[in-house]
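To start, the structure under review is shown below, and the notes come after it.
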Amino acid sequence: MFKKNLENLRAYNPGPSTDEIKQAYGLERIVKLDSNENVYGASPNVRKAISEDMLLPELYPDCRNQALRLELSTRLGVGPEHFLFGAGLDEMIVLISRAFLESGDSIIMAWPTFYEYYCHAQIEGATTKRIPCDSDGKHDLNAMFEAIDPTTKIIWVCNPNNPTGTYLNAEELNDFIQRVPKDVIIVLDEAYIDFVTAADFPNGIDYLAMNENVLVLRTFSKSYGLASFRVGYAIGGRRVIEEIDKVRPPFNNPRLSQVAALAALKDDAFKDECVRKNNEVSAMTTSFLDAKGISYYKTQANFIFVKVAEPKKVAELCKKNGYLINAFQDGVRITIGKMDDMKELLMVLDHAIKEMSPEPSK
Ligand SMILES: *Cc1c(COP(=O)(O)O)cnc(C)c1O
């Protein structure tokens with residue numbers, strides 16, 4: 001009755017709701033630092049735009065997302081035909097996998113990186129080569145290149161990488177893109193690009209003109225604070241975009257999502273202010289961790305990966321204190337919160353780490 005490909009998969013587990021956690025732990029307030037959402041909210045223009053919208057609930061939305069498409073095209077200097085929109089990048093990952101993968105194919109991705117790349121390869125019956133990140137938490141591009149074989153269809157490059165926050169610089173990425181065979185799709189997931197400050201960070205769009213096999217992914221969920229509206233997009237060569245469009249459900253961005261994204265996009269000042277505050281709190285965070293001798297990966301995003309011995313226990317202790325963070329195999333990923341919240345969380349984290357690893361007795 002069931003599909004063989006789904007045998008080893010489990011549905012996404014969101015865990016208890018914030019209300020349930022408040023109840024269970026007797027907390028008045030929960031600070032959500034587990035999903036890299038924008039802790040400063042969204043542009044006030046968004047509320048205004050959606051309240052002034054004609055709504056038209058009975059009509060299907062614009063299946064081309066034309067207004068947003070044209071605005072992005074102008075801002076990014078890429079022709080409108082090079083864009084494809086999804087219900088968040090989550091759906092874009094589904095569509096790319098659906099369009100390119102079949103049984104016998106394989107994908108290459110880093111580890112750890114964004115889990116959905118694996119999940120949708122699996123659903124399509126393709127296999128996954130997970131290439132461990134290097135000791136700095138960066139994609140190991142040499143090993144990823146070495147892993148290419150005739151079954152390789154897609155290489156997922158998450159830059160900056162979720163959950164490590166690290167980035168590949170222009171020189172490293174240029175070299176990699178030049179070496180990879182042109183019949184392998186390279187997806188550059190740039191969900192966090194707006195937070196980047198490094199001068200040598202490569203803008204994926206610069207690769208598009210010369211490389212028909214490169215796709216760039218961007219989203220309104222993180223820096224624009226619109227995770228609830230589900231708008232993400234791919235930019236790529238005409239032929240590749242056309243191919244993915246074949247598997248896209250035509251009305252995948254609701255009208256209000258299109259309106260919200262356009263309003264958010266036009267408010268540069270709000271986004272810039274979020275990014276500025278993020279950098280400020282990020283700097284405070286790394287000084288604190290440095291002072292305490294706690295190790296972490298250098299981040300270019302709105303989250304930081306802190307290496308701890310017992311990630312699950314540390315996350316649990318933070319939760320008891322009202323802070324939700326995310327546990328991974330060898331550390332915790334913390335969304336960089338507002339200044340005051342982050343200062344308090346860091347105290348909690350420091351205590352938690354000390355509790356986990358008491359001073360060795362003499
Ligand atoms: C958050 C995230 C996404 C998905 O974002 P959407 O909300 O679905 O647009 C995709 N890739 C990475 C690396 C992310 O962190």
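Convention: chains lettered A, B, ... in structure tokens order; per-chain residue numbering from 1; ligands numbered from 1 as shown.
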_From a backbone DSSP assignment, name each residue in segment 118-206 of chain A labelled strand (DSSP E or B), as a PyMOL selection string._
chain A and resi 127-132+152-158+185-189
*Within-9 Å residues of ligand 1, basis only C-alpha atoms and all ligand atoms, as a ChimeraX atom specification*: /A:35-37,86-93,113-117,158-163,189-192,217-222,226-233
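Residue nearest Gly104 of chain A within the list A:Pro80, A:Asn321, A:Cys119, A:Lys153: A:Lys153 [criterion: smallest interatomic distance, only C-alpha atoms].
The interatomic distance for the pair atom CA of Asp19 of chain A and atom CA of Asn45 of chain A works out to 28.5 Å.
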Secondary structure check, helix (DSSP H, G or I) residues of segment 53-237 of chain A, as a short mmCIF file (atom, residue, chain, number, x, y, z; two decimals) with all heavy atoms, in the first residue's frame:
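Output (result_23.cif):
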```cif
data_model
loop_
_atom_site.label_atom_id
_atom_site.label_comp_id
_atom_site.auth_asym_id
_atom_site.auth_seq_id
_atom_site.Cartn_x
_atom_site.Cartn_y
_atom_site.Cartn_z
N GLN A 66 3.28 38.50 -10.78
CA GLN A 66 3.89 39.46 -11.70
C GLN A 66 4.45 40.72 -11.02
O GLN A 66 5.56 41.15 -11.33
CB GLN A 66 2.86 39.84 -12.78
CG GLN A 66 3.46 40.50 -14.01
CD GLN A 66 4.38 39.58 -14.82
OE1 GLN A 66 4.55 38.40 -14.50
NE2 GLN A 66 5.01 40.14 -15.84
N ALA A 67 3.69 41.31 -10.10
CA ALA A 67 4.16 42.57 -9.49
C ALA A 67 5.47 42.34 -8.73
O ALA A 67 6.43 43.11 -8.87
CB ALA A 67 3.09 43.12 -8.55
N LEU A 68 5.51 41.26 -7.96
CA LEU A 68 6.72 40.95 -7.19
C LEU A 68 7.87 40.58 -8.14
O LEU A 68 9.02 40.99 -7.96
CB LEU A 68 6.43 39.80 -6.23
CG LEU A 68 7.57 39.38 -5.32
CD1 LEU A 68 8.02 40.53 -4.41
CD2 LEU A 68 7.16 38.17 -4.47
N ARG A 69 7.54 39.82 -9.17
CA ARG A 69 8.52 39.41 -10.16
C ARG A 69 9.20 40.62 -10.81
O ARG A 69 10.44 40.68 -10.90
CB ARG A 69 7.81 38.57 -11.24
CG ARG A 69 8.66 38.10 -12.41
CD ARG A 69 7.79 37.41 -13.45
NE ARG A 69 7.17 36.20 -12.93
CZ ARG A 69 7.72 34.98 -13.01
NH1 ARG A 69 8.87 34.79 -13.61
NH2 ARG A 69 7.10 33.94 -12.50
N LEU A 70 8.41 41.61 -11.19
CA LEU A 70 8.97 42.78 -11.88
C LEU A 70 9.81 43.63 -10.93
O LEU A 70 10.86 44.13 -11.31
CB LEU A 70 7.86 43.62 -12.52
CG LEU A 70 7.13 42.91 -13.69
CD1 LEU A 70 6.00 43.78 -14.23
CD2 LEU A 70 8.11 42.53 -14.81
N GLU A 71 9.34 43.74 -9.69
CA GLU A 71 10.10 44.54 -8.72
C GLU A 71 11.46 43.88 -8.42
O GLU A 71 12.49 44.53 -8.36
CB GLU A 71 9.28 44.70 -7.43
CG GLU A 71 9.93 45.56 -6.36
CD GLU A 71 10.04 47.04 -6.72
OE1 GLU A 71 9.27 47.51 -7.59
OE2 GLU A 71 10.93 47.72 -6.15
N LEU A 72 11.44 42.56 -8.26
CA LEU A 72 12.70 41.85 -8.00
C LEU A 72 13.61 41.94 -9.21
O LEU A 72 14.84 42.12 -9.07
CB LEU A 72 12.42 40.37 -7.68
CG LEU A 72 11.94 40.07 -6.27
CD1 LEU A 72 11.43 38.63 -6.17
CD2 LEU A 72 13.07 40.30 -5.25
N SER A 73 13.03 41.81 -10.40
CA SER A 73 13.79 41.86 -11.63
C SER A 73 14.55 43.19 -11.72
O SER A 73 15.74 43.22 -12.03
CB SER A 73 12.84 41.68 -12.82
OG SER A 73 13.47 42.04 -14.01
N THR A 74 13.85 44.29 -11.43
CA THR A 74 14.47 45.61 -11.48
C THR A 74 15.58 45.72 -10.44
O THR A 74 16.69 46.16 -10.72
CB THR A 74 13.41 46.70 -11.20
OG1 THR A 74 12.32 46.48 -12.07
CG2 THR A 74 13.99 48.08 -11.39
N ARG A 75 15.24 45.29 -9.21
CA ARG A 75 16.22 45.45 -8.12
C ARG A 75 17.46 44.59 -8.31
O ARG A 75 18.56 45.00 -7.95
CB ARG A 75 15.56 45.08 -6.79
CG ARG A 75 14.65 46.15 -6.29
CD ARG A 75 13.83 45.70 -5.11
NE ARG A 75 13.04 46.82 -4.64
CZ ARG A 75 13.34 47.55 -3.55
NH1 ARG A 75 14.36 47.22 -2.80
NH2 ARG A 75 12.60 48.57 -3.21
N LEU A 76 17.28 43.39 -8.84
CA LEU A 76 18.43 42.47 -8.93
C LEU A 76 19.10 42.51 -10.31
O LEU A 76 20.14 41.88 -10.51
CB LEU A 76 17.98 41.04 -8.58
CG LEU A 76 17.40 40.86 -7.17
CD1 LEU A 76 16.88 39.45 -6.97
CD2 LEU A 76 18.46 41.18 -6.11
N PRO A 80 12.86 39.17 -15.90
CA PRO A 80 11.74 38.56 -15.16
C PRO A 80 11.54 37.08 -15.48
O PRO A 80 11.02 36.34 -14.63
CB PRO A 80 10.52 39.38 -15.59
CG PRO A 80 10.94 40.26 -16.70
CD PRO A 80 12.44 40.35 -16.69
N GLU A 81 11.94 36.65 -16.65
CA GLU A 81 11.72 35.24 -17.03
C GLU A 81 12.67 34.29 -16.28
O GLU A 81 12.52 33.07 -16.35
CB GLU A 81 11.88 35.06 -18.55
CG GLU A 81 13.29 35.23 -19.11
CD GLU A 81 13.73 36.70 -19.30
OE1 GLU A 81 13.06 37.62 -18.77
OE2 GLU A 81 14.74 36.92 -19.97
N HIS A 82 13.61 34.85 -15.55
CA HIS A 82 14.57 34.02 -14.82
C HIS A 82 14.12 33.68 -13.40
O HIS A 82 14.87 33.06 -12.64
CB HIS A 82 15.94 34.70 -14.77
CG HIS A 82 16.58 34.81 -16.12
ND1 HIS A 82 17.23 33.77 -16.72
CD2 HIS A 82 16.61 35.83 -17.00
CE1 HIS A 82 17.66 34.14 -17.91
NE2 HIS A 82 17.29 35.40 -18.11
N GLY A 88 7.46 29.48 -0.08
CA GLY A 88 8.69 29.37 0.70
C GLY A 88 9.72 28.56 -0.07
O GLY A 88 9.40 27.93 -1.09
N LEU A 89 10.95 28.59 0.41
CA LEU A 89 11.99 27.77 -0.24
C LEU A 89 11.73 26.30 0.01
O LEU A 89 12.18 25.44 -0.74
CB LEU A 89 13.37 28.17 0.24
CG LEU A 89 13.90 29.47 -0.33
CD1 LEU A 89 15.33 29.71 0.13
CD2 LEU A 89 13.81 29.50 -1.85
N ASP A 90 11.00 26.00 1.08
CA ASP A 90 10.65 24.61 1.33
C ASP A 90 10.00 24.02 0.08
O ASP A 90 10.38 22.95 -0.38
CB ASP A 90 9.65 24.50 2.50
CG ASP A 90 10.34 24.58 3.85
OD1 ASP A 90 11.58 24.54 3.89
OD2 ASP A 90 9.62 24.69 4.86
N GLU A 91 9.03 24.74 -0.47
CA GLU A 91 8.39 24.22 -1.67
C GLU A 91 9.35 24.23 -2.86
O GLU A 91 9.31 23.33 -3.70
CB GLU A 91 7.11 24.98 -2.04
CG GLU A 91 6.38 24.26 -3.16
CD GLU A 91 5.22 25.03 -3.78
OE1 GLU A 91 5.32 26.26 -3.93
OE2 GLU A 91 4.22 24.40 -4.12
N MET A 92 10.21 25.22 -2.91
CA MET A 92 11.16 25.27 -4.04
C MET A 92 12.06 24.03 -4.04
O MET A 92 12.38 23.48 -5.09
CB MET A 92 12.01 26.55 -3.93
CG MET A 92 12.80 26.84 -5.17
SD MET A 92 11.76 27.02 -6.64
CE MET A 92 10.87 28.51 -6.23
N ILE A 93 12.44 23.59 -2.86
CA ILE A 93 13.28 22.39 -2.75
C ILE A 93 12.50 21.16 -3.23
O ILE A 93 13.03 20.30 -3.92
CB ILE A 93 13.80 22.24 -1.29
CG1 ILE A 93 14.73 23.41 -0.96
CG2 ILE A 93 14.52 20.90 -1.10
CD1 ILE A 93 15.01 23.61 0.52
N VAL A 94 11.21 21.12 -2.89
CA VAL A 94 10.34 20.04 -3.38
C VAL A 94 10.31 20.07 -4.91
O VAL A 94 10.50 19.04 -5.58
CB VAL A 94 8.88 20.21 -2.86
CG1 VAL A 94 7.96 19.18 -3.49
CG2 VAL A 94 8.84 20.12 -1.34
N LEU A 95 10.10 21.26 -5.48
CA LEU A 95 9.92 21.39 -6.94
C LEU A 95 11.20 21.03 -7.69
O LEU A 95 11.16 20.35 -8.72
CB LEU A 95 9.47 22.80 -7.31
CG LEU A 95 8.14 23.28 -6.70
CD1 LEU A 95 7.83 24.71 -7.15
CD2 LEU A 95 7.01 22.34 -7.09
N ILE A 96 12.33 21.49 -7.18
CA ILE A 96 13.61 21.20 -7.85
C ILE A 96 13.86 19.69 -7.83
O ILE A 96 14.24 19.09 -8.84
CB ILE A 96 14.77 21.97 -7.16
CG1 ILE A 96 14.60 23.48 -7.36
CG2 ILE A 96 16.13 21.51 -7.69
CD1 ILE A 96 15.50 24.33 -6.48
N SER A 97 13.62 19.08 -6.66
CA SER A 97 13.83 17.63 -6.54
C SER A 97 12.89 16.88 -7.48
O SER A 97 13.28 15.96 -8.18
CB SER A 97 13.57 17.18 -5.10
OG SER A 97 14.35 17.94 -4.20
N ARG A 98 11.65 17.32 -7.52
CA ARG A 98 10.63 16.68 -8.35
C ARG A 98 11.00 16.78 -9.82
O ARG A 98 10.83 15.84 -10.59
CB ARG A 98 9.29 17.40 -8.09
CG ARG A 98 8.12 16.81 -8.80
CD ARG A 98 7.17 16.20 -7.78
NE ARG A 98 6.27 15.26 -8.38
CZ ARG A 98 4.95 15.38 -8.37
NH1 ARG A 98 4.38 16.43 -7.80
NH2 ARG A 98 4.20 14.45 -8.91
N ALA A 99 11.51 17.95 -10.21
CA ALA A 99 11.80 18.19 -11.64
C ALA A 99 13.05 17.44 -12.12
O ALA A 99 13.13 17.06 -13.28
CB ALA A 99 11.95 19.68 -11.89
N PHE A 100 14.02 17.22 -11.24
CA PHE A 100 15.29 16.70 -11.73
C PHE A 100 15.66 15.29 -11.27
O PHE A 100 16.54 14.67 -11.86
CB PHE A 100 16.43 17.66 -11.36
CG PHE A 100 16.38 18.93 -12.14
CD1 PHE A 100 15.88 20.09 -11.57
CD2 PHE A 100 16.78 18.96 -13.47
CE1 PHE A 100 15.81 21.26 -12.31
CE2 PHE A 100 16.71 20.12 -14.22
CZ PHE A 100 16.21 21.28 -13.63
N GLU A 116 16.03 19.38 4.41
CA GLU A 116 15.04 19.14 3.36
C GLU A 116 15.66 18.66 2.04
O GLU A 116 14.99 18.00 1.25
CB GLU A 116 14.24 20.42 3.07
CG GLU A 116 13.63 21.04 4.29
CD GLU A 116 12.34 20.35 4.71
OE1 GLU A 116 11.45 20.24 3.87
OE2 GLU A 116 12.26 19.94 5.87
N TYR A 117 16.92 19.00 1.79
CA TYR A 117 17.54 18.56 0.54
C TYR A 117 17.54 17.03 0.49
O TYR A 117 17.23 16.42 -0.53
CB TYR A 117 19.00 19.04 0.41
CG TYR A 117 19.26 20.49 0.70
CD1 TYR A 117 20.47 20.88 1.28
CD2 TYR A 117 18.34 21.47 0.37
CE1 TYR A 117 20.76 22.21 1.53
CE2 TYR A 117 18.62 22.81 0.64
CZ TYR A 117 19.83 23.17 1.22
OH TYR A 117 20.10 24.48 1.48
N TYR A 118 17.89 16.44 1.62
CA TYR A 118 17.93 14.98 1.74
C TYR A 118 16.53 14.38 1.61
O TYR A 118 16.29 13.43 0.86
CB TYR A 118 18.55 14.56 3.07
CG TYR A 118 18.14 13.19 3.52
CD1 TYR A 118 18.69 12.05 2.92
CD2 TYR A 118 17.16 13.02 4.50
CE1 TYR A 118 18.28 10.78 3.30
CE2 TYR A 118 16.75 11.75 4.88
CZ TYR A 118 17.31 10.64 4.28
OH TYR A 118 16.90 9.39 4.64
N CYS A 119 15.62 14.98 2.37
CA CYS A 119 14.26 14.47 2.45
C CYS A 119 13.62 14.32 1.07
O CYS A 119 13.03 13.29 0.75
CB CYS A 119 13.51 15.47 3.32
SG CYS A 119 11.91 14.97 3.77
N HIS A 120 13.76 15.34 0.23
CA HIS A 120 13.07 15.29 -1.07
C HIS A 120 13.81 14.45 -2.10
O HIS A 120 13.19 13.92 -3.02
CB HIS A 120 12.72 16.69 -1.53
CG HIS A 120 11.72 17.31 -0.59
ND1 HIS A 120 10.41 16.89 -0.57
CD2 HIS A 120 11.87 18.20 0.42
CE1 HIS A 120 9.78 17.53 0.41
NE2 HIS A 120 10.65 18.32 1.02
N ALA A 121 15.10 14.29 -1.93
CA ALA A 121 15.82 13.34 -2.78
C ALA A 121 15.27 11.94 -2.50
O ALA A 121 14.96 11.17 -3.40
CB ALA A 121 17.32 13.39 -2.49
N GLN A 122 15.11 11.66 -1.21
CA GLN A 122 14.60 10.37 -0.77
C GLN A 122 13.21 10.10 -1.35
O GLN A 122 12.93 9.02 -1.86
CB GLN A 122 14.56 10.39 0.77
CG GLN A 122 14.30 9.07 1.43
CD GLN A 122 15.50 8.14 1.32
OE1 GLN A 122 16.62 8.58 1.03
NE2 GLN A 122 15.27 6.86 1.51
N ILE A 123 12.35 11.10 -1.28
CA ILE A 123 10.98 10.94 -1.80
C ILE A 123 10.98 10.62 -3.29
O ILE A 123 10.17 9.84 -3.77
CB ILE A 123 10.14 12.21 -1.49
CG1 ILE A 123 9.90 12.31 0.02
CG2 ILE A 123 8.82 12.20 -2.25
CD1 ILE A 123 9.30 13.62 0.48
N LEU A 141 34.40 21.58 -0.06
CA LEU A 141 34.15 21.58 -1.51
C LEU A 141 35.00 20.57 -2.27
O LEU A 141 34.55 20.01 -3.26
CB LEU A 141 34.35 22.99 -2.09
CG LEU A 141 33.28 24.02 -1.72
CD1 LEU A 141 33.57 25.35 -2.41
CD2 LEU A 141 31.88 23.54 -2.09
N ASN A 142 36.21 20.34 -1.79
CA ASN A 142 37.03 19.33 -2.49
C ASN A 142 36.41 17.95 -2.39
O ASN A 142 36.30 17.24 -3.38
CB ASN A 142 38.45 19.30 -1.91
CG ASN A 142 39.30 20.38 -2.53
OD1 ASN A 142 39.13 20.70 -3.72
ND2 ASN A 142 40.17 20.97 -1.73
N ALA A 143 35.99 17.59 -1.18
CA ALA A 143 35.36 16.28 -0.99
C ALA A 143 34.03 16.21 -1.75
O ALA A 143 33.67 15.17 -2.29
CB ALA A 143 35.15 16.00 0.50
N MET A 144 33.32 17.32 -1.80
CA MET A 144 32.05 17.34 -2.54
C MET A 144 32.31 17.15 -4.03
O MET A 144 31.57 16.42 -4.71
CB MET A 144 31.27 18.63 -2.26
CG MET A 144 30.70 18.68 -0.83
SD MET A 144 29.91 20.24 -0.37
CE MET A 144 28.30 20.06 -1.13
N PHE A 145 33.38 17.76 -4.52
CA PHE A 145 33.73 17.59 -5.93
C PHE A 145 34.13 16.14 -6.21
O PHE A 145 33.70 15.54 -7.20
CB PHE A 145 34.87 18.55 -6.31
CG PHE A 145 35.31 18.37 -7.73
CD1 PHE A 145 34.56 18.87 -8.78
CD2 PHE A 145 36.48 17.66 -8.01
CE1 PHE A 145 34.95 18.68 -10.09
CE2 PHE A 145 36.87 17.46 -9.33
CZ PHE A 145 36.11 17.97 -10.38
N GLU A 146 34.93 15.59 -5.32
CA GLU A 146 35.38 14.19 -5.49
C GLU A 146 34.21 13.21 -5.50
O GLU A 146 34.30 12.13 -6.07
CB GLU A 146 36.35 13.79 -4.36
CG GLU A 146 37.71 14.50 -4.38
CD GLU A 146 38.48 14.25 -5.67
OE1 GLU A 146 38.36 13.13 -6.22
OE2 GLU A 146 39.17 15.18 -6.12
N ALA A 170 34.19 33.93 -2.35
CA ALA A 170 34.06 34.00 -3.81
C ALA A 170 35.10 33.10 -4.50
O ALA A 170 34.77 32.37 -5.44
CB ALA A 170 34.22 35.44 -4.27
N GLU A 171 36.32 33.13 -4.01
CA GLU A 171 37.38 32.35 -4.64
C GLU A 171 37.07 30.85 -4.58
O GLU A 171 37.18 30.14 -5.58
CB GLU A 171 38.68 32.66 -3.91
CG GLU A 171 39.91 32.33 -4.71
CD GLU A 171 41.18 32.63 -3.89
OE1 GLU A 171 41.18 33.64 -3.16
OE2 GLU A 171 42.12 31.85 -3.99
N GLU A 172 36.66 30.40 -3.40
CA GLU A 172 36.35 28.98 -3.22
C GLU A 172 35.18 28.54 -4.11
O GLU A 172 35.22 27.49 -4.75
CB GLU A 172 35.97 28.71 -1.74
CG GLU A 172 37.15 28.88 -0.80
CD GLU A 172 36.73 29.04 0.68
OE1 GLU A 172 35.62 29.53 0.97
OE2 GLU A 172 37.56 28.69 1.54
N LEU A 173 34.14 29.38 -4.15
CA LEU A 173 32.96 29.01 -4.92
C LEU A 173 33.21 29.10 -6.43
O LEU A 173 32.77 28.24 -7.20
CB LEU A 173 31.77 29.88 -4.50
CG LEU A 173 30.40 29.36 -4.92
CD1 LEU A 173 30.12 27.97 -4.37
CD2 LEU A 173 29.30 30.32 -4.49
N ASN A 174 33.94 30.13 -6.86
CA ASN A 174 34.28 30.28 -8.30
C ASN A 174 34.94 29.01 -8.81
O ASN A 174 34.57 28.46 -9.84
CB ASN A 174 35.31 31.39 -8.54
CG ASN A 174 34.78 32.76 -8.21
OD1 ASN A 174 33.60 32.92 -7.95
ND2 ASN A 174 35.66 33.75 -8.18
N ASP A 175 35.94 28.59 -8.05
CA ASP A 175 36.73 27.44 -8.44
C ASP A 175 35.85 26.20 -8.54
O ASP A 175 35.93 25.43 -9.50
CB ASP A 175 37.85 27.26 -7.40
CG ASP A 175 38.64 26.00 -7.64
OD1 ASP A 175 39.33 25.95 -8.67
OD2 ASP A 175 38.55 25.06 -6.80
N PHE A 176 34.99 26.02 -7.56
CA PHE A 176 34.11 24.85 -7.52
C PHE A 176 33.15 24.86 -8.71
O PHE A 176 33.01 23.86 -9.42
CB PHE A 176 33.32 24.86 -6.20
CG PHE A 176 32.40 23.68 -6.01
CD1 PHE A 176 32.91 22.42 -5.72
CD2 PHE A 176 31.02 23.84 -6.10
CE1 PHE A 176 32.07 21.33 -5.53
CE2 PHE A 176 30.17 22.76 -5.91
CZ PHE A 176 30.69 21.51 -5.63
N ILE A 177 32.51 25.98 -8.94
CA ILE A 177 31.52 26.07 -10.02
C ILE A 177 32.17 25.82 -11.37
O ILE A 177 31.60 25.18 -12.25
CB ILE A 177 30.76 27.42 -9.96
CG1 ILE A 177 29.82 27.40 -8.74
CG2 ILE A 177 29.98 27.69 -11.25
CD1 ILE A 177 29.11 28.71 -8.47
N GLN A 178 33.41 26.29 -11.53
CA GLN A 178 34.12 26.05 -12.79
C GLN A 178 34.43 24.58 -13.02
O GLN A 178 34.40 24.09 -14.14
CB GLN A 178 35.43 26.84 -12.81
CG GLN A 178 35.22 28.20 -13.44
CD GLN A 178 36.46 29.05 -13.37
OE1 GLN A 178 37.58 28.53 -13.32
NE2 GLN A 178 36.27 30.35 -13.34
N ARG A 179 34.71 23.87 -11.92
CA ARG A 179 35.11 22.46 -12.05
C ARG A 179 33.95 21.50 -12.24
O ARG A 179 34.09 20.46 -12.87
CB ARG A 179 35.93 22.05 -10.82
CG ARG A 179 37.33 22.66 -10.80
CD ARG A 179 38.23 21.91 -9.83
NE ARG A 179 37.81 22.07 -8.44
CZ ARG A 179 38.20 21.27 -7.46
NH1 ARG A 179 38.99 20.25 -7.69
NH2 ARG A 179 37.79 21.49 -6.23
N ILE A 193 21.42 35.47 2.89
CA ILE A 193 22.39 36.38 2.26
C ILE A 193 22.30 37.81 2.78
O ILE A 193 23.32 38.50 2.89
CB ILE A 193 22.27 36.34 0.71
CG1 ILE A 193 23.44 37.11 0.08
CG2 ILE A 193 20.92 36.89 0.25
CD1 ILE A 193 23.59 36.90 -1.40
N ASP A 194 21.10 38.26 3.16
CA ASP A 194 20.97 39.65 3.60
C ASP A 194 21.75 39.95 4.88
O ASP A 194 22.07 41.10 5.15
CB ASP A 194 19.50 40.01 3.81
CG ASP A 194 18.74 40.02 2.50
OD1 ASP A 194 19.34 40.38 1.47
OD2 ASP A 194 17.54 39.67 2.50
N PHE A 195 22.04 38.94 5.67
CA PHE A 195 22.75 39.15 6.94
C PHE A 195 24.26 39.18 6.77
O PHE A 195 24.99 39.51 7.70
CB PHE A 195 22.38 38.05 7.95
CG PHE A 195 20.93 38.06 8.33
CD1 PHE A 195 20.06 37.11 7.83
CD2 PHE A 195 20.43 39.04 9.18
CE1 PHE A 195 18.71 37.12 8.17
CE2 PHE A 195 19.08 39.06 9.53
CZ PHE A 195 18.22 38.10 9.02
N ILE A 205 24.00 35.47 -7.88
CA ILE A 205 23.46 36.01 -9.14
C ILE A 205 24.59 36.23 -10.16
O ILE A 205 24.38 36.08 -11.36
CB ILE A 205 22.67 37.30 -8.86
CG1 ILE A 205 21.40 36.94 -8.10
CG2 ILE A 205 22.33 38.05 -10.15
CD1 ILE A 205 20.59 38.12 -7.61
N ASP A 206 25.78 36.54 -9.66
CA ASP A 206 26.90 36.79 -10.57
C ASP A 206 27.30 35.55 -11.38
O ASP A 206 27.99 35.67 -12.39
CB ASP A 206 28.13 37.28 -9.78
CG ASP A 206 27.87 38.63 -9.13
OD1 ASP A 206 26.94 39.33 -9.58
OD2 ASP A 206 28.58 38.96 -8.16
N TYR A 207 26.88 34.38 -10.95
CA TYR A 207 27.25 33.15 -11.68
C TYR A 207 26.28 32.81 -12.79
O TYR A 207 26.56 31.98 -13.64
CB TYR A 207 27.32 31.95 -10.71
CG TYR A 207 28.41 32.09 -9.67
CD1 TYR A 207 28.10 32.42 -8.37
CD2 TYR A 207 29.75 31.90 -10.02
CE1 TYR A 207 29.09 32.56 -7.41
CE2 TYR A 207 30.75 32.04 -9.07
CZ TYR A 207 30.41 32.37 -7.77
OH TYR A 207 31.39 32.51 -6.84
N LEU A 208 25.08 33.42 -12.73
CA LEU A 208 24.00 32.95 -13.60
C LEU A 208 24.30 33.13 -15.09
O LEU A 208 24.03 32.23 -15.89
CB LEU A 208 22.68 33.64 -13.23
CG LEU A 208 22.19 33.34 -11.80
CD1 LEU A 208 20.92 34.12 -11.49
CD2 LEU A 208 21.96 31.84 -11.61
N ALA A 227 7.96 34.74 7.41
CA ALA A 227 7.91 33.27 7.38
C ALA A 227 6.48 32.75 7.27
O ALA A 227 6.21 31.76 6.60
CB ALA A 227 8.58 32.69 8.62
N SER A 228 5.55 33.45 7.89
CA SER A 228 4.16 32.98 7.89
C SER A 228 3.51 33.08 6.51
O SER A 228 2.54 32.39 6.22
CB SER A 228 3.37 33.76 8.94
OG SER A 228 2.14 34.18 8.45
N PHE A 229 4.04 33.94 5.62
CA PHE A 229 3.40 34.12 4.32
C PHE A 229 3.87 33.14 3.25
O PHE A 229 3.24 33.02 2.20
CB PHE A 229 3.61 35.56 3.82
CG PHE A 229 2.68 36.53 4.47
CD1 PHE A 229 3.10 37.31 5.54
CD2 PHE A 229 1.37 36.64 4.05
CE1 PHE A 229 2.24 38.21 6.16
CE2 PHE A 229 0.50 37.54 4.66
CZ PHE A 229 0.93 38.32 5.72
#
```
